[in-house]
>>> print(open('upload_4.cif').read())   # mmCIF, C-alpha atoms
data_my_file
loop_
_atom_site.group_PDB
_atom_site.id
_atom_site.type_symbol
_atom_site.label_atom_id
_atom_site.label_comp_id
_atom_site.auth_asym_id
_atom_site.auth_seq_id
_atom_site.Cartn_x
_atom_site.Cartn_y
_atom_site.Cartn_z
ATOM 1 C CA ILE R 1 -27.806 21.499 9.043
ATOM 2 C CA ASP R 2 -31.474 20.628 9.435
ATOM 3 C CA LYS R 3 -32.195 21.295 13.113
ATOM 4 C CA ILE R 4 -35.480 19.422 13.004
ATOM 5 C CA ASP R 5 -33.826 16.352 11.495
ATOM 6 C CA ILE R 6 -30.945 16.390 14.005
ATOM 7 C CA ARG R 7 -33.238 16.790 17.002
ATOM 8 C CA ALA R 8 -35.593 14.113 15.753
ATOM 9 C CA LYS R 9 -32.671 11.710 15.242
ATOM 10 C CA LEU R 10 -31.535 12.250 18.851
ATOM 11 C CA LYS R 11 -35.115 12.249 20.188
ATOM 12 C CA LEU R 12 -34.862 15.806 21.426
ATOM 13 C CA PRO R 13 -37.858 18.170 21.642
ATOM 14 C CA LEU R 14 -38.602 20.292 18.615
ATOM 15 C CA ASP R 15 -40.729 22.845 20.483
ATOM 16 C CA LYS R 16 -38.261 23.890 23.192
ATOM 17 C CA LYS R 17 -35.131 26.004 23.420
ATOM 18 C CA LEU R 18 -32.171 23.633 23.926
ATOM 19 C CA ILE R 19 -29.439 24.457 26.425
ATOM 20 C CA LEU R 20 -26.404 22.287 25.729
ATOM 21 C CA SER R 21 -23.449 21.334 27.911
ATOM 22 C CA VAL R 22 -20.657 18.857 27.218
ATOM 23 C CA GLY R 23 -18.444 16.972 29.667
ATOM 24 C CA ARG R 24 -18.256 13.888 31.854
ATOM 25 C CA ASN R 25 -20.555 13.808 34.837
ATOM 26 C CA HIS R 26 -18.492 14.954 37.827
ATOM 27 C CA PRO R 27 -19.480 17.234 40.757
ATOM 28 C CA LYS R 28 -16.956 19.877 39.631
ATOM 29 C CA LYS R 29 -18.862 20.293 36.358
ATOM 30 C CA GLY R 30 -21.789 21.885 38.205
ATOM 31 C CA PHE R 31 -24.341 20.109 36.052
ATOM 32 C CA LYS R 32 -26.896 20.148 38.873
ATOM 33 C CA ASP R 33 -26.708 23.958 38.837
ATOM 34 C CA LEU R 34 -27.527 23.920 35.125
ATOM 35 C CA ILE R 35 -30.398 21.449 35.504
ATOM 36 C CA PHE R 36 -31.785 23.431 38.443
ATOM 37 C CA SER R 37 -31.875 26.557 36.265
ATOM 38 C CA LEU R 38 -34.726 24.858 34.381
ATOM 39 C CA LYS R 39 -36.922 25.279 37.443
ATOM 40 C CA HIS R 40 -36.593 29.053 37.078
ATOM 41 C CA LEU R 41 -36.718 29.127 33.269
ATOM 42 C CA ASN R 42 -39.819 26.932 33.105
ATOM 43 C CA ASN R 43 -41.584 28.593 36.023
ATOM 44 C CA ASP R 44 -44.230 30.247 33.830
ATOM 45 C CA LYS R 45 -44.001 28.326 30.585
ATOM 46 C CA ASP R 46 -42.477 24.935 29.873
ATOM 47 C CA CYS R 47 -40.238 25.907 26.966
ATOM 48 C CA TYR R 48 -36.609 25.097 27.878
ATOM 49 C CA ALA R 49 -34.705 21.812 27.959
ATOM 50 C CA VAL R 50 -31.162 20.860 28.965
ATOM 51 C CA VAL R 51 -29.020 18.409 26.986
ATOM 52 C CA ILE R 52 -25.825 17.135 28.598
ATOM 53 C CA VAL R 53 -23.419 15.060 26.522
ATOM 54 C CA GLY R 54 -20.848 13.102 28.478
ATOM 55 C CA ASP R 55 -19.956 9.924 30.322
ATOM 56 C CA LYS R 56 -22.580 8.949 32.926
ATOM 57 C CA ALA R 57 -24.787 11.946 32.173
ATOM 58 C CA ASN R 58 -27.780 9.656 32.718
ATOM 59 C CA LYS R 59 -26.849 9.471 36.414
ATOM 60 C CA LEU R 60 -28.323 12.957 36.711
ATOM 61 C CA ILE R 61 -31.842 11.802 35.824
ATOM 62 C CA PRO R 62 -32.897 11.244 39.487
ATOM 63 C CA PHE R 63 -31.877 14.827 40.322
ATOM 64 C CA ALA R 64 -33.861 16.212 37.381
ATOM 65 C CA GLU R 65 -36.836 14.131 38.505
ATOM 66 C CA SER R 66 -36.518 15.374 42.102
ATOM 67 C CA ILE R 67 -37.025 18.989 40.962
ATOM 68 C CA GLY R 68 -39.798 18.168 38.503
ATOM 69 C CA GLN R 69 -37.701 18.614 35.348
ATOM 70 C CA LYS R 70 -37.211 15.030 34.209
ATOM 71 C CA ASN R 71 -39.162 15.674 30.995
ATOM 72 C CA ASN R 72 -36.884 18.612 30.216
ATOM 73 C CA PHE R 73 -33.578 16.843 30.776
ATOM 74 C CA PHE R 74 -31.943 14.821 27.994
ATOM 75 C CA PRO R 75 -28.676 13.073 28.901
ATOM 76 C CA ILE R 76 -26.542 11.632 26.110
ATOM 77 C CA ASN R 77 -23.800 9.420 27.522
ATOM 78 C CA GLU R 78 -21.795 9.224 24.335
ATOM 79 C CA LEU R 79 -21.736 10.374 20.745
ATOM 80 C CA SER R 80 -19.663 8.483 18.202
ATOM 81 C CA VAL R 81 -16.174 9.826 17.460
ATOM 82 C CA LYS R 82 -15.681 7.667 14.368
ATOM 83 C CA GLU R 83 -16.915 8.474 10.918
ATOM 84 C CA LYS R 84 -17.485 5.956 8.143
ATOM 85 C CA THR R 85 -13.833 6.319 7.189
ATOM 86 C CA LYS R 86 -12.863 5.137 10.719
ATOM 87 C CA GLU R 87 -10.902 8.355 11.050
ATOM 88 C CA LEU R 88 -10.983 9.889 14.520
ATOM 89 C CA ILE R 89 -12.529 13.331 14.466
ATOM 90 C CA PHE R 90 -12.855 15.592 17.502
ATOM 91 C CA PRO R 91 -15.456 16.818 18.017
ATOM 92 C CA SER R 92 -17.413 14.177 16.151
ATOM 93 C CA LYS R 93 -19.748 15.059 13.307
ATOM 94 C CA GLU R 94 -22.684 14.113 15.535
ATOM 95 C CA LEU R 95 -21.554 16.469 18.286
ATOM 96 C CA ILE R 96 -20.984 19.298 15.810
ATOM 97 C CA GLU R 97 -24.532 18.801 14.546
ATOM 98 C CA LEU R 98 -25.832 18.870 18.111
ATOM 99 C CA TYR R 99 -23.981 22.110 18.826
ATOM 100 C CA LYS R 100 -25.539 23.662 15.742
ATOM 101 C CA SER R 101 -29.034 22.497 16.667
ATOM 102 C CA ALA R 102 -28.818 23.961 20.203
ATOM 103 C CA ASP R 103 -29.889 27.461 21.209
ATOM 104 C CA PHE R 104 -27.458 28.074 24.076
ATOM 105 C CA PHE R 105 -24.284 26.572 25.501
ATOM 106 C CA VAL R 106 -23.660 26.649 29.250
ATOM 107 C CA LEU R 107 -20.472 25.606 31.022
ATOM 108 C CA SER R 108 -21.394 25.537 34.715
ATOM 109 C CA SER R 109 -18.066 24.084 35.912
ATOM 110 C CA HIS R 110 -16.685 25.104 39.302
ATOM 111 C CA ILE R 111 -13.155 24.773 37.915
ATOM 112 C CA GLU R 112 -11.662 24.017 34.477
ATOM 113 C CA GLY R 113 -8.331 23.791 32.700
ATOM 114 C CA TYR R 114 -8.720 25.145 29.179
ATOM 115 C CA PRO R 115 -12.275 24.223 28.153
ATOM 116 C CA ASN R 116 -12.238 23.640 24.396
ATOM 117 C CA VAL R 117 -16.006 23.076 24.503
ATOM 118 C CA THR R 118 -16.539 26.838 24.740
ATOM 119 C CA LEU R 119 -14.623 27.321 21.485
ATOM 120 C CA GLU R 120 -16.530 24.462 19.862
ATOM 121 C CA ALA R 121 -19.823 26.109 20.835
ATOM 122 C CA ALA R 122 -18.617 29.513 19.603
ATOM 123 C CA ALA R 123 -17.513 27.940 16.307
ATOM 124 C CA ALA R 124 -21.036 26.525 15.962
ATOM 125 C CA LYS R 125 -22.386 30.075 16.406
ATOM 126 C CA ILE R 126 -24.393 29.606 19.584
ATOM 127 C CA PRO R 127 -24.189 31.974 22.576
ATOM 128 C CA VAL R 128 -21.910 30.872 25.415
ATOM 129 C CA ILE R 129 -22.536 31.250 29.143
ATOM 130 C CA VAL R 130 -19.879 30.173 31.648
ATOM 131 C CA ALA R 131 -19.513 30.102 35.407
ATOM 132 C CA ASN R 132 -17.028 32.707 36.615
ATOM 133 C CA SER R 133 -14.584 30.008 37.696
ATOM 134 C CA PRO R 134 -10.857 29.402 37.093
ATOM 135 C CA GLY R 135 -10.322 28.267 33.517
ATOM 136 C CA SER R 136 -13.807 29.056 32.259
ATOM 137 C CA ARG R 137 -13.587 32.791 32.866
ATOM 138 C CA ASP R 138 -10.244 32.864 31.051
ATOM 139 C CA VAL R 139 -11.628 31.755 27.689
ATOM 140 C CA VAL R 140 -14.790 33.885 27.589
ATOM 141 C CA THR R 141 -14.778 37.672 27.908
ATOM 142 C CA ASP R 142 -17.865 38.723 29.832
ATOM 143 C CA GLY R 143 -20.234 40.821 27.746
ATOM 144 C CA VAL R 144 -18.074 40.523 24.629
ATOM 145 C CA ASP R 145 -18.145 36.906 23.416
ATOM 146 C CA GLY R 146 -20.262 35.406 26.181
ATOM 147 C CA ILE R 147 -21.605 35.895 29.679
ATOM 148 C CA HIS R 148 -20.106 35.111 33.094
ATOM 149 C CA VAL R 149 -22.393 33.970 35.914
ATOM 150 C CA SER R 150 -21.553 33.259 39.533
ATOM 151 C CA VAL R 151 -20.425 29.748 40.411
ATOM 152 C CA GLU R 152 -23.225 27.528 41.764
ATOM 153 C CA SER R 153 -25.942 29.971 40.722
ATOM 154 C CA PRO R 154 -28.839 28.396 38.809
ATOM 155 C CA VAL R 155 -30.732 31.693 39.087
ATOM 156 C CA GLU R 156 -27.975 33.623 37.295
ATOM 157 C CA ILE R 157 -27.815 30.966 34.564
ATOM 158 C CA SER R 158 -31.531 31.412 33.923
ATOM 159 C CA GLU R 159 -31.236 35.216 34.080
ATOM 160 C CA ALA R 160 -28.391 35.166 31.530
ATOM 161 C CA ILE R 161 -30.475 33.093 29.109
ATOM 162 C CA ILE R 162 -33.483 35.390 29.524
ATOM 163 C CA LYS R 163 -31.212 38.427 29.040
ATOM 164 C CA LEU R 164 -29.995 37.016 25.721
ATOM 165 C CA GLU R 165 -33.548 36.203 24.649
ATOM 166 C CA LYS R 166 -34.643 39.784 25.319
ATOM 167 C CA ASN R 167 -31.699 41.354 23.491
ATOM 168 C CA PRO R 168 -31.340 39.724 20.034
ATOM 169 C CA GLU R 169 -28.818 42.335 18.850
ATOM 170 C CA GLY R 170 -26.587 41.865 21.900
ATOM 171 C CA LYS R 171 -26.919 38.110 21.539
ATOM 172 C CA GLN R 172 -25.873 38.234 17.887
ATOM 173 C CA SER R 173 -22.923 40.477 18.729
ATOM 174 C CA MET R 174 -21.676 37.933 21.294
ATOM 175 C CA ILE R 175 -22.140 35.110 18.767
ATOM 176 C CA ASP R 176 -20.165 37.037 16.120
ATOM 177 C CA ASN R 177 -17.351 37.876 18.551
ATOM 178 C CA GLY R 178 -17.231 34.301 19.800
ATOM 179 C CA PHE R 179 -16.964 32.995 16.244
ATOM 180 C CA LYS R 180 -14.072 35.369 15.510
ATOM 181 C CA LYS R 181 -12.273 34.160 18.638
ATOM 182 C CA ALA R 182 -12.857 30.537 17.642
ATOM 183 C CA LEU R 183 -11.321 31.207 14.225
ATOM 184 C CA LEU R 184 -8.177 32.543 15.898
ATOM 185 C CA ARG R 185 -7.897 29.207 17.745
ATOM 186 C CA ASP R 186 -8.240 27.196 14.527
ATOM 187 C CA TRP R 187 -5.457 24.607 14.251
ATOM 188 C CA LYS R 188 -4.138 26.237 11.063
ATOM 189 C CA ASN R 189 -3.575 29.494 12.939
ATOM 190 C CA VAL R 190 -2.210 27.745 16.027
ATOM 191 C CA ALA R 191 0.238 25.799 13.840
ATOM 192 C CA GLN R 192 1.498 29.038 12.285
ATOM 193 C CA GLU R 193 2.037 30.495 15.758
ATOM 194 C CA TYR R 194 4.090 27.446 16.762
ATOM 195 C CA LEU R 195 6.178 27.761 13.594
ATOM 196 C CA ALA R 196 6.767 31.440 14.349
ATOM 197 C CA VAL R 197 8.070 30.502 17.822
ATOM 198 C CA TYR R 198 10.447 27.929 16.372
ATOM 199 C CA LYS R 199 11.717 30.394 13.780
#
>>> encode(input="upload_4.cif", output="structure tokens")
Amino acid sequence: IDKIDIRAKLKLPLDKKLILSVGRNHPKKGFKDLIFSLKHLNNDKDCYAVVIVGDKANKLIPFAESIGQKNNFFPINELSVKEKTKELIFPSKELIELYKSADFFVLSSHIEGYPNVTLEAAAAKIPVIVANSPGSRDVVTDGVDGIHVSVESPVEISEAIIKLEKNPEGKQSMIDNGFKKALLRDWKNVAQEYLAVYK
């Protein structure tokens, strides 16, 4: 994809590193922790922005404004799930493009079930950072295909991002391992596993 074109279409900054998260706005998602990490990341230089895609994400604008990060927060309440063929596709083409145009994916949830968004991010080949919470910690292996941070810790989120920035080889290794894991969860492979159980 053309990152510049995708970002321009969604009115996202071209000169900043984008940290993406996906999910409806709910306190358990820990989105305020993620937004607050911007205060640490942008302490010296204003070069990071957070994009949250999900229902009522715009309700977080006042919080971003209260910590002086309104210009670095980009909520997207909804991306289309229908293509021109009217066929339902999950994730949508628009969301896939957004994943691929982001620099990091952070899941700051305090609790999750089985968060498919981490696999979607890994499939898009971006590094994944998750809170060490039930559900999230079960789909990402710390230091192998992503990074675990403490729950409700904006400082650790920012430190994890900086750590990845300073270690390109380690970052690429996590991306590669995450992509391999995502391939194992591809529906074609999952279907074969179900068939094997039935047999």
>>> resolve_selection(input="upload_4.cif", expression="the PyMOL selection byres ((chain R and resi 6) around 12)", output="PyMOL selection string")
chain R and resi 1-5+7-14+93-102
>>> resolve_selection(input="upload_4.cif", expression="the PyMOL selection byres ((chain R and resi 76) around 10)", output="PDB file with C-alpha atoms, keeping the file's coordinate frame")
ATOM      1  CA  LEU R  10     -31.535  12.250  18.851  1.00  0.00           C
ATOM      2  CA  VAL R  22     -20.657  18.857  27.218  1.00  0.00           C
ATOM      3  CA  VAL R  51     -29.020  18.409  26.986  1.00  0.00           C
ATOM      4  CA  ILE R  52     -25.825  17.135  28.598  1.00  0.00           C
ATOM      5  CA  VAL R  53     -23.419  15.060  26.522  1.00  0.00           C
ATOM      6  CA  GLY R  54     -20.848  13.102  28.478  1.00  0.00           C
ATOM      7  CA  ASP R  55     -19.956   9.924  30.322  1.00  0.00           C
ATOM      8  CA  LYS R  56     -22.580   8.949  32.926  1.00  0.00           C
ATOM      9  CA  ALA R  57     -24.787  11.946  32.173  1.00  0.00           C
ATOM     10  CA  ASN R  58     -27.780   9.656  32.718  1.00  0.00           C
ATOM     11  CA  PHE R  73     -33.578  16.843  30.776  1.00  0.00           C
ATOM     12  CA  PHE R  74     -31.943  14.821  27.994  1.00  0.00           C
ATOM     13  CA  PRO R  75     -28.676  13.073  28.901  1.00  0.00           C
ATOM     14  CA  ASN R  77     -23.800   9.420  27.522  1.00  0.00           C
ATOM     15  CA  GLU R  78     -21.795   9.224  24.335  1.00  0.00           C
ATOM     16  CA  LEU R  79     -21.736  10.374  20.745  1.00  0.00           C
TER      17      LEU R  79
END
>>> closest_residue(input="upload_4.cif", among="R:Leu184, R:Phe63, R:Gly30, R:Phe179", to="R:Val130", atoms="all atoms listed in the file")
R:Gly30
>>> closest_residue(input="upload_4.cif", among="R:Leu41, R:Val190, R:Ala64, R:Ile126", to="R:Gln172", atoms="only C-alpha atoms")
R:Ile126
>>> atom_distance(input="upload_4.cif", atom1="atom CA of R:Asn72", atom2="atom CA of R:Arg137")
27.4 Å
>>> atom_distance(input="upload_4.cif", atom1="atom CA of R:Lys28", atom2="atom CA of R:Ser108")
8.7 Å
>>> resolve_selection(input="upload_4.cif", expression="the PyMOL selection byres ((chain R and resi 44-50) around 6)", output="list of chain:residue names")
R:Lys16, R:Lys17, R:Leu18, R:Ile19, R:Leu20, R:Asn42, R:Asn43, R:Val51, R:Asn72, R:Phe73
>>> write_last_selection(input="upload_4.cif", atoms="C-alpha atoms", output="JSON list (two decimals), in the frame of the given file")
[["chain", "number", "residue", "atom", "x", "y", "z"],
["R", 16, "LYS", "CA", -38.26, 23.89, 23.19],
["R", 17, "LYS", "CA", -35.13, 26.00, 23.42],
["R", 18, "LEU", "CA", -32.17, 23.63, 23.93],
["R", 19, "ILE", "CA", -29.44, 24.46, 26.42],
["R", 20, "LEU", "CA", -26.40, 22.29, 25.73],
["R", 42, "ASN", "CA", -39.82, 26.93, 33.10],
["R", 43, "ASN", "CA", -41.58, 28.59, 36.02],
["R", 51, "VAL", "CA", -29.02, 18.41, 26.99],
["R", 72, "ASN", "CA", -36.88, 18.61, 30.22],
["R", 73, "PHE", "CA", -33.58, 16.84, 30.78]]
>>> atom_distance(input="upload_4.cif", atom1="atom CA of R:His26", atom2="atom CA of R:Ile61")
13.9 Å
>>> residues_near_point(input="upload_4.cif", point="(-26.0, 32.4, 32.4)", cutoff="7 Å", atoms="all atoms listed in the file", output="PyMOL selection string")
chain R and resi 106+129-130+147-149+156-161
>>> closest_residue(input="upload_4.cif", among="R:Pro27, R:Gly178, R:Pro168, R:Gly113", to="R:Val128", atoms="all atoms listed in the file")
R:Gly178
>>> axis_aligned_box(input="upload_4.cif", around="stretch 95-98 of chain R", padding_each_side="3 Å", output="AutoDock Vina command-line options")
--center_x -23.4 --center_y 17.9 --center_z 16.4 --size_x 10.8 --size_y 8.8 --size_z 9.7
>>> closest_residue(input="upload_4.cif", among="R:Ser92, R:Ser109, R:Ser150, R:Ser173", to="R:Pro127", atoms="all atoms listed in the file")
R:Ser173
>>> closest_residue(input="upload_4.cif", among="R:Thr118, R:Ser153, R:Asn167, R:Asn189", to="R:Ser37", atoms="only C-alpha atoms")
R:Ser153
>>> closest_residue(input="upload_4.cif", among="R:Asn177, R:Gln192, R:Ser136, R:Asn71", to="R:Asn116", atoms="only C-alpha atoms")
R:Ser136
>>> residues_around(input="upload_4.cif", residues="R:Ala182", least_positions_apart="2", cutoff="8 Å", atoms="only C-alpha atoms", output="VMD selection string")
chain R and resid 119 to 120 122 to 123 178 to 180 184 to 186
>>> build_atoms(input="upload_4.cif", residues="stretch 21-32 of chain R", atoms="N, CA and C atoms", output="PDB file, in the coordinates of the input")
ATOM      1  N   SER R  21     -24.724  21.356  27.209  1.00  0.00           N
ATOM      2  CA  SER R  21     -23.449  21.334  27.911  1.00  0.00           C
ATOM      3  C   SER R  21     -22.757  20.024  27.571  1.00  0.00           C
ATOM      4  N   VAL R  22     -21.432  20.037  27.611  1.00  0.00           N
ATOM      5  CA  VAL R  22     -20.657  18.857  27.218  1.00  0.00           C
ATOM      6  C   VAL R  22     -19.572  18.599  28.251  1.00  0.00           C
ATOM      7  N   GLY R  23     -19.481  17.346  28.703  1.00  0.00           N
ATOM      8  CA  GLY R  23     -18.444  16.972  29.667  1.00  0.00           C
ATOM      9  C   GLY R  23     -18.886  15.776  30.485  1.00  0.00           C
ATOM     10  N   ARG R  24     -17.909  15.052  31.036  1.00  0.00           N
ATOM     11  CA  ARG R  24     -18.256  13.888  31.854  1.00  0.00           C
ATOM     12  C   ARG R  24     -18.944  14.332  33.131  1.00  0.00           C
ATOM     13  N   ASN R  25     -19.816  13.489  33.617  1.00  0.00           N
ATOM     14  CA  ASN R  25     -20.555  13.808  34.837  1.00  0.00           C
ATOM     15  C   ASN R  25     -19.635  13.719  36.056  1.00  0.00           C
ATOM     16  N   HIS R  26     -19.326  14.863  36.633  1.00  0.00           N
ATOM     17  CA  HIS R  26     -18.492  14.954  37.827  1.00  0.00           C
ATOM     18  C   HIS R  26     -18.991  16.164  38.618  1.00  0.00           C
ATOM     19  N   PRO R  27     -18.977  16.102  39.957  1.00  0.00           N
ATOM     20  CA  PRO R  27     -19.480  17.234  40.757  1.00  0.00           C
ATOM     21  C   PRO R  27     -18.880  18.586  40.377  1.00  0.00           C
ATOM     22  N   LYS R  28     -17.599  18.598  39.966  1.00  0.00           N
ATOM     23  CA  LYS R  28     -16.956  19.877  39.631  1.00  0.00           C
ATOM     24  C   LYS R  28     -17.544  20.525  38.379  1.00  0.00           C
ATOM     25  N   LYS R  29     -18.271  19.750  37.580  1.00  0.00           N
ATOM     26  CA  LYS R  29     -18.862  20.293  36.358  1.00  0.00           C
ATOM     27  C   LYS R  29     -20.093  21.157  36.640  1.00  0.00           C
ATOM     28  N   GLY R  30     -20.650  21.038  37.845  1.00  0.00           N
ATOM     29  CA  GLY R  30     -21.789  21.885  38.205  1.00  0.00           C
ATOM     30  C   GLY R  30     -23.037  21.621  37.394  1.00  0.00           C
ATOM     31  N   PHE R  31     -23.180  20.409  36.897  1.00  0.00           N
ATOM     32  CA  PHE R  31     -24.341  20.109  36.052  1.00  0.00           C
ATOM     33  C   PHE R  31     -25.673  20.249  36.804  1.00  0.00           C
ATOM     34  N   LYS R  32     -25.654  19.988  38.100  1.00  0.00           N
ATOM     35  CA  LYS R  32     -26.896  20.148  38.873  1.00  0.00           C
ATOM     36  C   LYS R  32     -27.340  21.612  38.893  1.00  0.00           C
TER      37      LYS R  32
END
